[in-house]
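Take a look at the structure set out below.
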Amino acid sequence: MQQSTSQLSFPKTRNSNLELYRIIVMLAIVAHHYVVNSGLMSLMDADPLNPKSVFLYLVGMWGKTGINCFVLITGYFMCKSEITLRKFLKLLLEIEFYNIVIHFVFVACGYIDFSLSSFLWLLFPIHGISDDFVSCYMVFFLFIPFLNVLIRHLDRSQHIKLIMLCVGIYSLFDRMLGIKVTSNDSIWFCILYFVSSYLQLYPIKKDGSVGFWRWMTIFSLLIAMTSVYALLYLARYGVHLGAYAAIGRPSAPLALIVSICVFMYFKDLNIKQSKFINTIGGGTFAVLLIHANSNTMRQWLWRDLCDNVGYYATNMIYIHAILIPIAVFIVCSMIEYIRMKTIEKPLIDCTYNLIRKYLPNAK
């Protein structure tokens, strides 16, 4: 089966349990964007304990946890693989394809005006190494060969000590001890790589592990949701920490715990291989690239087309908040399937051959 960078990793054989995991995680990310990118947050913050607000806070709370989940699965596979020129081109060309095509669709429809500076900006895939997932992921991806050299020269004890040191500094110090730590998502992704590579190189073998991680997942999810409601309740008494204070950043300890528990559960889950699940799972990265492509896309999708704020005033918001993210996921998946079946391979082959012509030693 042809592989795609849409997986955010490059396993030789797709496992339907992990592809199902990708699908669920991406649905959670789309739901997060439904809430935070639509103007709903201002309405929710004005009346945080309104049942509609509480519902939306819970629906939209999993975005940063979902990012952790995707990076964990990247490290799990890539620590036993190598990055080649063709693999890098798959990722780069997928990003550039959607950047350029979506921009020109908006221009052609008259939604935005064309400018040469904006177009040239699209050609550069890294737009900021802070909290922009695609840019940070690209930078992190380039670090993977060097990370692999490091972890392959660590023994088990050194590996776990490295994880403890990094998590302690970049998660516990900042989020629990109040010690200011300056970081960015690329650094955090490298730390997650240490965690997931450890889980791959030193698997936890235990009878009934699926059941154990199922209960750990349920427990951690309940703790996370309770934290959101507790923070909303505290806001009533003037303690305004933010509903997502405990889980609103990838490095938040609770976000890390939830993502590890969910990953471990799906990793060991035994389900029948499904071509349909594998195909849909293979397009999940593109779902992110399409629906979160730019501020223009966010304005058009969540505010103009779906009118999330308008639905908040009606009881239809409960159904709307469930069905719209699913619909967005389906439409984006269909677009990616068409791209994969038509232009992905020819575009990669053409670019790869052109590079090899001038850089024959490129691997």
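Lettering and numbering for the structure tokens are positional, with chains as A, B, ... in the shown order, residues counted from 1 in each chain, and ligands counted from 1 in the shown order.
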
Write out, as CSV, each residue of segment 28-62 of chain A that has an atom at most 12 Å from segment 232-238 of chain A, together with the closest pair of atoms and their distance in Å to one decimal, counting only C-alpha atoms, rows going by chain and rising number.
```
residue,atom,partner,partner_atom,distance
A:Met44,CA,A:Leu232,CA,10.2
A:Asp45,CA,A:Leu232,CA,8.9
A:Ala46,CA,A:Ala235,CA,10.5
A:Asp47,CA,A:Arg236,CA,9.4
A:Pro48,CA,A:Leu232,CA,6.1
A:Leu49,CA,A:Leu232,CA,6.6
A:Asn50,CA,A:Leu232,CA,10.1
A:Pro51,CA,A:Leu232,CA,11.6
A:Ser53,CA,A:Leu232,CA,9.7
A:Val54,CA,A:Leu232,CA,8.2
A:Phe55,CA,A:Leu232,CA,11.8
A:Tyr57,CA,A:Leu232,CA,9.3
A:Leu58,CA,A:Leu232,CA,11.1
```

Could the residues in this selection be written to a file with N, CA and C atoms, as a compact mmCIF listing (two decimals), in the first residue's frame?
```
# COMPACT_ATOMS: atom_id res chain seq x y z
N MET A 44 -18.68 32.38 25.67
CA MET A 44 -18.57 31.39 26.73
C MET A 44 -17.96 32.01 27.99
N ASP A 45 -16.94 32.83 27.81
CA ASP A 45 -16.29 33.47 28.96
C ASP A 45 -17.23 34.44 29.67
N ALA A 46 -18.17 35.02 28.91
CA ALA A 46 -19.12 35.96 29.51
C ALA A 46 -20.13 35.26 30.40
N ASP A 47 -20.39 33.98 30.13
CA ASP A 47 -21.36 33.21 30.92
C ASP A 47 -20.84 31.78 31.04
N PRO A 48 -19.75 31.57 31.79
CA PRO A 48 -19.03 30.29 31.76
C PRO A 48 -19.80 29.10 32.30
N LEU A 49 -20.73 29.29 33.21
CA LEU A 49 -21.46 28.15 33.78
C LEU A 49 -22.79 27.90 33.09
N ASN A 50 -23.06 28.65 32.05
CA ASN A 50 -24.22 28.33 31.21
C ASN A 50 -24.03 26.92 30.63
N PRO A 51 -25.05 26.07 30.63
CA PRO A 51 -24.88 24.70 30.11
C PRO A 51 -24.28 24.65 28.71
N SER A 53 -22.17 26.82 27.45
CA SER A 53 -20.76 27.15 27.59
C SER A 53 -19.96 25.96 28.13
N VAL A 54 -20.48 25.32 29.18
CA VAL A 54 -19.81 24.16 29.75
C VAL A 54 -19.64 23.07 28.71
N PHE A 55 -20.69 22.81 27.96
CA PHE A 55 -20.64 21.80 26.90
C PHE A 55 -19.55 22.13 25.89
N TYR A 57 -16.94 24.16 26.26
CA TYR A 57 -15.61 24.06 26.88
C TYR A 57 -15.11 22.62 26.86
N LEU A 58 -15.98 21.68 27.16
CA LEU A 58 -15.59 20.28 27.19
C LEU A 58 -15.34 19.73 25.78
```

Counting only C-alpha atoms, what is within 9 Å of Arg156 of chain A, bar same-chain residues fewer than 4 positions away, as a list in words?
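With the cut-off at 9 Å, the set is Ile160, Lys161, Tyr198, Leu201 and Tyr202 of chain A.
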
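Distances from A:Leu254, A:Leu91, A:Val331, A:Val195 to Ile223 of chain A were compared using only C-alpha atoms, and the smallest one belongs to A:Leu254.
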
Go through segment 70-262 of chain A and collect every residue that DSSP, computed from the backbone, puts in helix (DSSP H, G or I); the answer should be as a PyMOL selection string.
chain A and resi 70-78+85-108+116-122+133-151+156-175+185-201+209-235+253-262

Could you please take those selected residues and save C-alpha atoms as a tab-separated table (two decimals), in the first residue's frame?
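Below you can see result.tsv, which holds the result:
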```
chain	number	residue	atom	x	y	z
A	70	PHE	CA	0.24	12.96	16.98
A	71	VAL	CA	3.82	13.66	17.93
A	72	LEU	CA	3.93	10.58	20.16
A	73	ILE	CA	2.99	8.36	17.26
A	74	THR	CA	5.63	10.03	15.09
A	75	GLY	CA	8.36	9.24	17.59
A	76	TYR	CA	7.06	5.72	18.12
A	77	PHE	CA	7.65	4.84	14.47
A	78	MET	CA	10.46	7.15	13.43
A	85	LEU	CA	14.78	12.85	0.79
A	86	ARG	CA	11.61	11.25	-0.56
A	87	LYS	CA	9.99	11.13	2.88
A	88	PHE	CA	10.83	14.77	3.50
A	89	LEU	CA	9.47	15.75	0.09
A	90	LYS	CA	6.18	14.01	0.84
A	91	LEU	CA	5.70	16.14	3.91
A	92	LEU	CA	6.96	19.38	2.37
A	93	LEU	CA	5.00	19.09	-0.88
A	94	GLU	CA	1.78	18.23	0.94
A	95	ILE	CA	2.11	21.38	3.06
A	96	GLU	CA	2.97	23.57	0.08
A	97	PHE	CA	0.20	22.12	-2.07
A	98	TYR	CA	-2.53	23.07	0.37
A	99	ASN	CA	-0.98	26.44	1.19
A	100	ILE	CA	-0.90	27.47	-2.46
A	101	VAL	CA	-4.14	25.89	-3.66
A	102	ILE	CA	-6.27	27.17	-0.78
A	103	HIS	CA	-4.82	30.67	-1.16
A	104	PHE	CA	-5.65	30.81	-4.87
A	105	VAL	CA	-9.14	29.40	-4.31
A	106	PHE	CA	-9.86	32.31	-1.95
A	107	VAL	CA	-8.36	34.73	-4.46
A	108	ALA	CA	-10.38	33.28	-7.35
A	116	LEU	CA	2.93	39.05	-4.46
A	117	SER	CA	4.29	39.30	-0.92
A	118	SER	CA	1.55	37.00	0.43
A	119	PHE	CA	2.21	34.47	-2.31
A	120	LEU	CA	5.97	34.46	-1.70
A	121	TRP	CA	5.29	33.97	2.01
A	122	LEU	CA	3.30	30.83	1.17
A	133	PHE	CA	1.99	23.36	14.69
A	134	VAL	CA	2.99	22.91	11.04
A	135	SER	CA	6.05	25.16	11.30
A	136	CYS	CA	7.15	23.61	14.58
A	137	TYR	CA	6.59	20.12	13.23
A	138	MET	CA	8.72	20.83	10.18
A	139	VAL	CA	11.59	22.02	12.39
A	140	PHE	CA	11.15	19.04	14.71
A	141	PHE	CA	11.14	16.70	11.70
A	142	LEU	CA	14.56	17.95	10.68
A	143	PHE	CA	15.90	17.14	14.16
A	144	ILE	CA	14.77	13.50	14.04
A	145	PRO	CA	17.97	12.03	12.46
A	146	PHE	CA	20.02	13.64	15.23
A	147	LEU	CA	17.57	12.59	17.93
A	148	ASN	CA	17.89	9.02	16.68
A	149	VAL	CA	21.66	9.15	17.00
A	150	LEU	CA	21.22	10.30	20.58
A	151	ILE	CA	18.66	7.73	21.71
A	156	ARG	CA	17.54	2.29	29.27
A	157	SER	CA	18.51	4.03	32.50
A	158	GLN	CA	19.97	7.04	30.71
A	159	HIS	CA	16.92	7.28	28.48
A	160	ILE	CA	14.45	7.43	31.35
A	161	LYS	CA	16.65	9.94	33.21
A	162	LEU	CA	16.69	12.15	30.12
A	163	ILE	CA	12.89	12.03	29.98
A	164	MET	CA	12.60	12.89	33.65
A	165	LEU	CA	15.00	15.82	33.26
A	166	CYS	CA	13.25	17.26	30.21
A	167	VAL	CA	9.71	16.79	31.49
A	168	GLY	CA	10.73	18.19	34.85
A	169	ILE	CA	12.15	21.36	33.32
A	170	TYR	CA	9.73	22.01	30.48
A	171	SER	CA	6.52	20.79	32.09
A	172	LEU	CA	6.65	20.61	35.88
A	173	PHE	CA	8.87	23.64	36.51
A	174	ASP	CA	6.77	25.93	34.37
A	175	ARG	CA	3.27	24.63	35.00
A	185	ASP	CA	6.61	23.63	20.52
A	186	SER	CA	9.56	22.30	18.51
A	187	ILE	CA	11.51	21.74	21.73
A	188	TRP	CA	8.49	20.11	23.35
A	189	PHE	CA	8.05	17.81	20.35
A	190	CYS	CA	11.64	16.64	20.79
A	191	ILE	CA	10.85	15.82	24.42
A	192	LEU	CA	7.78	13.87	23.34
A	193	TYR	CA	10.05	12.03	20.90
A	194	PHE	CA	12.15	10.85	23.83
A	195	VAL	CA	8.99	9.58	25.54
A	196	SER	CA	7.53	7.73	22.56
A	197	SER	CA	10.86	6.27	21.47
A	198	TYR	CA	11.29	4.89	24.99
A	199	LEU	CA	7.87	3.21	24.71
A	200	GLN	CA	8.97	1.68	21.41
A	201	LEU	CA	12.45	0.56	22.46
A	209	SER	CA	-2.44	-4.03	29.53
A	210	VAL	CA	-5.34	-3.00	27.27
A	211	GLY	CA	-7.72	-3.11	30.21
A	212	PHE	CA	-5.26	-1.25	32.42
A	213	TRP	CA	-4.74	1.55	29.90
A	214	ARG	CA	-8.45	1.71	29.16
A	215	TRP	CA	-9.15	2.55	32.78
A	216	MET	CA	-6.17	4.91	32.94
A	217	THR	CA	-7.50	6.69	29.86
A	218	ILE	CA	-11.00	7.02	31.32
A	219	PHE	CA	-9.62	8.22	34.65
A	220	SER	CA	-7.30	10.80	33.08
A	221	LEU	CA	-10.07	12.10	30.80
A	222	LEU	CA	-12.40	12.51	33.77
A	223	ILE	CA	-9.71	14.33	35.76
A	224	ALA	CA	-9.10	16.67	32.80
A	225	MET	CA	-12.80	17.44	32.38
A	226	THR	CA	-13.18	17.95	36.12
A	227	SER	CA	-10.30	20.43	36.06
A	228	VAL	CA	-12.07	22.48	33.39
A	229	TYR	CA	-15.34	22.58	35.30
A	230	ALA	CA	-13.56	23.40	38.57
A	231	LEU	CA	-11.77	26.34	36.95
A	232	LEU	CA	-15.07	27.57	35.48
A	233	TYR	CA	-16.63	27.37	38.95
A	234	LEU	CA	-13.73	29.28	40.52
A	235	ALA	CA	-14.24	32.06	37.98
A	253	PRO	CA	1.35	17.87	32.89
A	254	LEU	CA	-2.30	16.85	32.55
A	255	ALA	CA	-2.18	17.14	28.74
A	256	LEU	CA	0.92	14.93	28.73
A	257	ILE	CA	-0.65	12.31	31.02
A	258	VAL	CA	-3.86	12.12	28.99
A	259	SER	CA	-2.01	11.81	25.68
A	260	ILE	CA	0.25	9.02	26.97
A	261	CYS	CA	-2.69	7.07	28.42
A	262	VAL	CA	-4.70	7.36	25.19
```

List the spatial neighbours of Asp307 of chain A as a PDB file with C-alpha atoms, in the first residue's frame - criterion: any atom at most 10 Å away, only C-alpha atoms, same-chain residues fewer than 5 positions off excluded.
```
ATOM      1  CA  SER A  38     -14.922  30.880  15.823  1.00  0.00           C
ATOM      2  CA  GLY A  39     -15.532  33.701  18.277  1.00  0.00           C
ATOM      3  CA  LEU A  40     -17.399  31.405  20.652  1.00  0.00           C
ATOM      4  CA  GLN A 299     -12.784  33.283   9.287  1.00  0.00           C
ATOM      5  CA  TRP A 300     -14.530  31.736   6.293  1.00  0.00           C
ATOM      6  CA  LEU A 301     -15.104  28.280   7.781  1.00  0.00           C
ATOM      7  CA  TRP A 302     -16.125  28.868  11.375  1.00  0.00           C
ATOM      8  CA  TYR A 312     -24.835  29.631  20.252  1.00  0.00           C
ATOM      9  CA  HIS A 320     -24.100  21.764  15.583  1.00  0.00           C
TER      10      HIS A 320
END
```

What is the distance, in Å and to one decimal place, between atom CA of Val328 of chain A and atom CA of Asp304 of chain A?
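Distance between the two atoms: 14.2 Å.
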
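Using only C-alpha atoms, the nearest neighbour of Met41 of chain A within the list A:Gly242, A:Pro203, A:Gly66, A:Gly110 is A:Gly242.
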
Could you state the separation of atom CA of Ile179 of chain A and atom CA of Tyr244 of chain A in Å, given to one decimal place?
19.2 Å

A:Ile29, A:Leu359, A:Ile335, A:Leu241 ranked by distance to Ala286 of chain A, top pick (using only C-alpha atoms)
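Using only C-alpha atoms, Ala286 of chain A sits closest to A:Ile335.
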
Between atom CA of Ala243 of chain A and atom CA of Asn37 of chain A, what is the distance, to one decimal in Å?
15.7 Å
